[in-house]
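The block underneath contains the structure these notes are about, expressed in structure tokens.
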Amino acid sequence: MAFDMRAFAAELCRHRSTAGEEAAAAAFVAERLADLGFETYAWDADPAVLADHPSFPDDLDAAAVEGRRSVAGVLELGGASDAAMPDDDGGDDPAPTLVLNGHLDVVPAEPSEWSSDPFEPVWRDDAEGAASADADGDENGETLTARGAADMKSGLAACVGAAVDVREGVADGSIDLPPSGLRLVVEAVAGEEDGGYGAATAALANPYPFERDAAIVAEPTELRPVVACEGSLMARLEIDGRSAHAATRWRGEDVLPRFEAIREAFMELETERSESVSHPLYGEFPVPWPVVCGRVEAGSWASTVPATLEAEFRVGVAPGETVDEVEETFRERLERVAADSWLRDHPPRFERFSVQFEPAEIAVDEPVVEAVRAGLVATGLPDVEPRGATYGADSRHFVAAGIPAVLFGPGTIDEAHYPDETIAWGEVVRARAAIAAAAERFATGYAA
């Protein structure tokens, strides 16, 4: 069965696979993989397993993971199913296994902010992409607009296409794998946007009867390998004041000036950390470890001095740091602000909420990184230096499990989570070719 990447990506984008609603998209992918001759696997996010994971709350509610299914398809290529290669001890290890990973879930979309239905894919001529070519060789190129088009259903489609291309290349002799062969796993996981439910479960409880040697996670990186991902602390701040009638506000204690003092102190700490916490892959970012207060709720009535405030912060964690270390740094700054004010006798509360993201990093000379760079060159694309990213991704779960993982995929993070999310289709086609070439070179390098 031939693989129509355009149709696959468009149909996948039609699935409204927001958090907790991934099951139908997972079923679609599993069916297509089976039709293409992959051996399929499936697993559900497991609250008992995730309770032991440092990123997730210990009291994770089973309802929060219900329906969060992940699926995968496996191809055994070039004799990988029955060939073996010697390990360092002189014994036999199975063929190398490379995971091509993408996530099924998308963030919500506000239809009023879009020029079209977010879940009805729209193909358009790309007036600025005349130098690119789509799957049919259209010199004008095209773009695909839909929620998930860039982040990251087109990347997942490229992974499926790459695996199929490697299989076909082995079959027709255009790809010559070493005797050990190659095992390719195309993985479509749930829950990446809110912590990585599917990837974390698979990292802690391997759903396959084999080990995984490396992974390419096809996030939108503009076809540039990303080897370091930032972590993040998610923490909720609560402040208590004292209410009073607005006409006699001096009898109350307004929480808003207290909050502003804390927020200002946190932003000063952001500036200090930008200067004191350095990393060679993050020099290009104006704010490498951002601090954002994304939600604030205070008071109860316009004519009452606000006596309660709740705010939620996202604090960047550099590769090489831990969430615990950064949390302690911000707690110390909070205590300093609270030392000489109302807050001394009414201490603010600063506690974690939701899922935490630990940073992750692999060496730039890891075999899977070198394979991706070789794949770029082999397909006529420029070799580019690996970089870091100020966001988190499922690669951290692979790395934590001892599986080197590099981000590499089509599209730009600038389109992720945005209205009218769009990707240049020619870039998806190029990603497919580059990932296929990277897989071939990974197998060759592994056997060398």
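Just so we're on the same page: first chain in the structure tokens is A, next is B, and so on; residues restart at 1 for each chain, and ligands are numbered from 1 in the order they show up.
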Tell me, counting only C-alpha atoms, for each residue of range 212-311 of chain A within 10 Å of range 331-349 of chain A, which pair of atoms is nearest and how far apart they are in Å to one decimal, in rows ordered by chain and increasing number, as CSV.
residue,atom,partner,partner_atom,distance
A:Ala235,CA,A:Arg349,CA,9.7
A:Arg236,CA,A:Arg349,CA,7.8
A:Leu237,CA,A:Arg349,CA,5.6
A:Glu238,CA,A:Arg349,CA,5.0
A:Ile239,CA,A:Pro348,CA,4.8
A:Asp240,CA,A:His346,CA,6.7
A:Gly241,CA,A:His346,CA,7.9
A:Glu253,CA,A:Trp342,CA,8.4
A:Val255,CA,A:Leu343,CA,9.6
A:Arg258,CA,A:Leu343,CA,7.8
A:Phe259,CA,A:Pro348,CA,9.6
A:Ala261,CA,A:Val337,CA,7.3
A:Ile262,CA,A:Val337,CA,6.5
A:Arg263,CA,A:Leu334,CA,9.3
A:Glu264,CA,A:Val337,CA,9.8
A:Ala265,CA,A:Arg333,CA,7.1
A:Phe266,CA,A:Arg333,CA,7.4
A:Glu268,CA,A:Arg333,CA,9.8
A:Leu269,CA,A:Arg333,CA,7.9
A:Leu309,CA,A:Pro348,CA,9.7
A:Glu310,CA,A:Arg349,CA,9.5
Residues flagged helix (DSSP H, G or I) by DSSP in range 337-420 of chain A, as a count of residues only: 29
Write out as JSON lines a residue-level contact list of range 135-209 of chain A versus range 60-75 of chain A with cut-off 12 Å: for each qualifying residue the closest pair of atoms and the distance in Å to one decimal, counting only C-alpha atoms, rows sorted by chain and residue number upward.
{"residue": "A:Leu156", "atom": "CA", "partner": "A:Ala72", "partner_atom": "CA", "distance": 11.2}
{"residue": "A:Cys159", "atom": "CA", "partner": "A:Gly73", "partner_atom": "CA", "distance": 10.9}
{"residue": "A:Val160", "atom": "CA", "partner": "A:Gly73", "partner_atom": "CA", "distance": 8.9}
{"residue": "A:Ala162", "atom": "CA", "partner": "A:Leu75", "partner_atom": "CA", "distance": 11.5}
{"residue": "A:Ala163", "atom": "CA", "partner": "A:Leu75", "partner_atom": "CA", "distance": 7.7}
{"residue": "A:Val164", "atom": "CA", "partner": "A:Leu75", "partner_atom": "CA", "distance": 8.7}
{"residue": "A:Asp165", "atom": "CA", "partner": "A:Leu75", "partner_atom": "CA", "distance": 11.4}
{"residue": "A:Val166", "atom": "CA", "partner": "A:Leu75", "partner_atom": "CA", "distance": 9.7}
{"residue": "A:Arg167", "atom": "CA", "partner": "A:Leu75", "partner_atom": "CA", "distance": 7.8}
{"residue": "A:Glu168", "atom": "CA", "partner": "A:Leu75", "partner_atom": "CA", "distance": 11.3}
{"residue": "A:Val170", "atom": "CA", "partner": "A:Leu75", "partner_atom": "CA", "distance": 11.6}
{"residue": "A:Gly181", "atom": "CA", "partner": "A:Leu75", "partner_atom": "CA", "distance": 10.7}
{"residue": "A:Leu182", "atom": "CA", "partner": "A:Leu75", "partner_atom": "CA", "distance": 8.3}
{"residue": "A:Arg183", "atom": "CA", "partner": "A:Leu75", "partner_atom": "CA", "distance": 5.8}
{"residue": "A:Leu184", "atom": "CA", "partner": "A:Leu75", "partner_atom": "CA", "distance": 5.2}
{"residue": "A:Val185", "atom": "CA", "partner": "A:Val74", "partner_atom": "CA", "distance": 4.5}
{"residue": "A:Val186", "atom": "CA", "partner": "A:Gly73", "partner_atom": "CA", "distance": 5.2}
{"residue": "A:Glu187", "atom": "CA", "partner": "A:Ala72", "partner_atom": "CA", "distance": 4.3}
{"residue": "A:Ala188", "atom": "CA", "partner": "A:Val71", "partner_atom": "CA", "distance": 5.4}
{"residue": "A:Val189", "atom": "CA", "partner": "A:Ser70", "partner_atom": "CA", "distance": 4.3}
{"residue": "A:Ala190", "atom": "CA", "partner": "A:Ser70", "partner_atom": "CA", "distance": 5.3}
{"residue": "A:Gly191", "atom": "CA", "partner": "A:Arg68", "partner_atom": "CA", "distance": 6.9}
{"residue": "A:Glu192", "atom": "CA", "partner": "A:Arg68", "partner_atom": "CA", "distance": 10.5}
{"residue": "A:Asp194", "atom": "CA", "partner": "A:Ala64", "partner_atom": "CA", "distance": 10.7}
{"residue": "A:Gly195", "atom": "CA", "partner": "A:Val65", "partner_atom": "CA", "distance": 11.3}
{"residue": "A:Gly196", "atom": "CA", "partner": "A:Arg68", "partner_atom": "CA", "distance": 10.4}
{"residue": "A:Tyr197", "atom": "CA", "partner": "A:Val65", "partner_atom": "CA", "distance": 7.6}
{"residue": "A:Gly198", "atom": "CA", "partner": "A:Ser70", "partner_atom": "CA", "distance": 5.8}
{"residue": "A:Ala199", "atom": "CA", "partner": "A:Ser70", "partner_atom": "CA", "distance": 8.3}
{"residue": "A:Ala200", "atom": "CA", "partner": "A:Ser70", "partner_atom": "CA", "distance": 10.9}
{"residue": "A:Thr201", "atom": "CA", "partner": "A:Ser70", "partner_atom": "CA", "distance": 9.6}
{"residue": "A:Ala202", "atom": "CA", "partner": "A:Ser70", "partner_atom": "CA", "distance": 9.0}
{"residue": "A:Pro207", "atom": "CA", "partner": "A:Ala72", "partner_atom": "CA", "distance": 9.5}
{"residue": "A:Tyr208", "atom": "CA", "partner": "A:Ala72", "partner_atom": "CA", "distance": 9.5}
{"residue": "A:Pro209", "atom": "CA", "partner": "A:Val74", "partner_atom": "CA", "distance": 11.1}
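The residue that comes closest to Phe313 in chain A, out of A:Ser115, A:Thr18, A:Ser232, A:Thr145 and on the basis of only C-alpha atoms, is A:Ser232.
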note - CA of Gly161 in chain A and CA of Glu370 in chain A are separated by 21.0 Å
Write down as a VMD selection string the residues of range 212-416 of chain A whose backbone DSSP state falls under strand (DSSP E or B). chain A and resid 214 to 217 226 to 229 231 to 240 242 245 253 291 to 298 304 308 to 317 319 321 349 to 352 357 360 to 361 387 to 389 405 to 407
What gap, in Å, lies between CA of Pro419 in chain A and CA of Ala146 in chain A?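 CA of Ala146 in chain A lies 8.8 Å from CA of Pro419 in chain A.
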Top pick for closest residue to Asp172 in chain A, considering A:Val49, A:Pro290, A:Gly78, A:Tyr282 and counting only C-alpha atoms: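 Closest to Asp172 in chain A of all the choices is A:Gly78.
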Find, counting only C-alpha atoms, the residue in A:Ala360, A:Ala150, A:Ala24, A:Ala19 that gets nearest to Thr322 in chain A.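 Using only C-alpha atoms, Thr322 in chain A sits closest to A:Ala360.
Of the listed residues A:Leu233, A:Val315, A:Ala158, A:Val305, the one whose atoms come nearest to Pro54 in chain A is A:Leu233, with distances taken using only C-alpha atoms.
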Residues within 12 Å of Ala393 in chain A, only C-alpha atoms, excluding chain neighbours under 5 positions, as a PyMOL selection string: chain A and resi 101-103+151-152+189+191-197+199-200+216-221+226-232+356-361+388+398-399+405-408+413
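The closest residue to Ala27 in chain A, picked from A:Ala438, A:Leu104, A:Val99, A:Ala157 and counting only C-alpha atoms, is A:Leu104.
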Using CA of Ala95 in chain A and CA of Tyr446 in chain A as the two end points, give the distance in Å to one decimal. 9.0 Å
Using only C-alpha atoms, which residues sit within 8 Å of His417 in chain A once same-chain residues fewer than 2 positions away are excluded, as a list in words?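 After dropping sequence-adjacent residues, the list is Val107, Ala109, Arg147, Asp151, Glu415, Pro419 and Glu421 of chain A.
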Write out as a PDB file with N, CA and C atoms, in the first residue's frame which residues come within 10 Å of Pro96 in chain A when counting only C-alpha atoms, dropping same-chain ones fewer than 4 positions away.
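Wrote it out as selection-v3.pdb, contents follow:
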ATOM      1  N   ALA A  80      16.927  -7.277  10.194  1.00  0.00           N
ATOM      2  CA  ALA A  80      17.026  -6.887  11.599  1.00  0.00           C
ATOM      3  C   ALA A  80      16.297  -7.853  12.514  1.00  0.00           C
ATOM      4  N   ALA A  84      22.141 -10.336  14.052  1.00  0.00           N
ATOM      5  CA  ALA A  84      22.650  -9.805  15.306  1.00  0.00           C
ATOM      6  C   ALA A  84      24.025  -9.227  15.067  1.00  0.00           C
ATOM      7  N   MET A  85      24.457  -8.413  15.999  1.00  0.00           N
ATOM      8  CA  MET A  85      25.775  -7.816  15.909  1.00  0.00           C
ATOM      9  C   MET A  85      26.464  -7.998  17.249  1.00  0.00           C
ATOM     10  N   SER A 180      23.532  -6.245  10.078  1.00  0.00           N
ATOM     11  CA  SER A 180      22.725  -6.203  11.301  1.00  0.00           C
ATOM     12  C   SER A 180      21.345  -5.627  11.072  1.00  0.00           C
ATOM     13  N   GLY A 181      21.170  -4.864   9.980  1.00  0.00           N
ATOM     14  CA  GLY A 181      19.857  -4.316   9.667  1.00  0.00           C
ATOM     15  C   GLY A 181      19.494  -3.126  10.529  1.00  0.00           C
ATOM     16  N   LEU A 182      18.232  -2.867  10.615  1.00  0.00           N
ATOM     17  CA  LEU A 182      17.727  -1.708  11.353  1.00  0.00           C
ATOM     18  C   LEU A 182      16.283  -1.968  11.755  1.00  0.00           C
ATOM     19  N   ARG A 183      15.961  -1.606  12.973  1.00  0.00           N
ATOM     20  CA  ARG A 183      14.560  -1.629  13.420  1.00  0.00           C
ATOM     21  C   ARG A 183      14.095  -0.180  13.550  1.00  0.00           C
ATOM     22  N   LEU A 184      13.040   0.161  12.837  1.00  0.00           N
ATOM     23  CA  LEU A 184      12.464   1.498  12.897  1.00  0.00           C
ATOM     24  C   LEU A 184      11.133   1.456  13.637  1.00  0.00           C
ATOM     25  N   PHE A 210      11.747  -5.088  22.942  1.00  0.00           N
ATOM     26  CA  PHE A 210      13.128  -4.810  22.557  1.00  0.00           C
ATOM     27  C   PHE A 210      13.527  -3.476  23.181  1.00  0.00           C
ATOM     28  N   GLU A 211      14.813  -3.202  23.224  1.00  0.00           N
ATOM     29  CA  GLU A 211      15.312  -1.941  23.745  1.00  0.00           C
ATOM     30  C   GLU A 211      15.396  -0.912  22.626  1.00  0.00           C
ATOM     31  N   ARG A 212      15.463   0.341  23.003  1.00  0.00           N
ATOM     32  CA  ARG A 212      15.547   1.445  22.039  1.00  0.00           C
ATOM     33  C   ARG A 212      16.917   2.107  22.171  1.00  0.00           C
ATOM     34  N   ASP A 213      17.561   2.342  21.044  1.00  0.00           N
ATOM     35  CA  ASP A 213      18.929   2.859  21.057  1.00  0.00           C
ATOM     36  C   ASP A 213      19.006   4.373  20.890  1.00  0.00           C
ATOM     37  N   ALA A 214      18.072   4.967  20.181  1.00  0.00           N
ATOM     38  CA  ALA A 214      18.098   6.416  19.964  1.00  0.00           C
ATOM     39  C   ALA A 214      16.747   6.838  19.404  1.00  0.00           C
ATOM     40  N   PHE A 442      22.310   6.132  10.525  1.00  0.00           N
ATOM     41  CA  PHE A 442      22.372   5.651  11.906  1.00  0.00           C
ATOM     42  C   PHE A 442      22.682   4.169  11.937  1.00  0.00           C
ATOM     43  N   ALA A 443      22.009   3.412  11.079  1.00  0.00           N
ATOM     44  CA  ALA A 443      22.272   1.964  11.017  1.00  0.00           C
ATOM     45  C   ALA A 443      23.705   1.680  10.606  1.00  0.00           C
ATOM     46  N   THR A 444      24.184   2.418   9.634  1.00  0.00           N
ATOM     47  CA  THR A 444      25.563   2.207   9.152  1.00  0.00           C
ATOM     48  C   THR A 444      26.578   2.562  10.235  1.00  0.00           C
ATOM     49  N   TYR A 446      26.092   2.669  13.446  1.00  0.00           N
ATOM     50  CA  TYR A 446      25.963   1.772  14.592  1.00  0.00           C
ATOM     51  C   TYR A 446      26.731   0.495  14.368  1.00  0.00           C
ATOM     52  N   ALA A 447      26.759   0.049  13.110  1.00  0.00           N
ATOM     53  CA  ALA A 447      27.441  -1.209  12.796  1.00  0.00           C
ATOM     54  C   ALA A 447      28.936  -1.022  12.616  1.00  0.00           C
TER      55      ALA A 447
END
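The shortest atom-to-atom distance to Ala371 in chain A, with only C-alpha atoms taken into account, belongs to A:Pro225 out of A:Pro225, A:Val317, A:Glu260, A:Met267.
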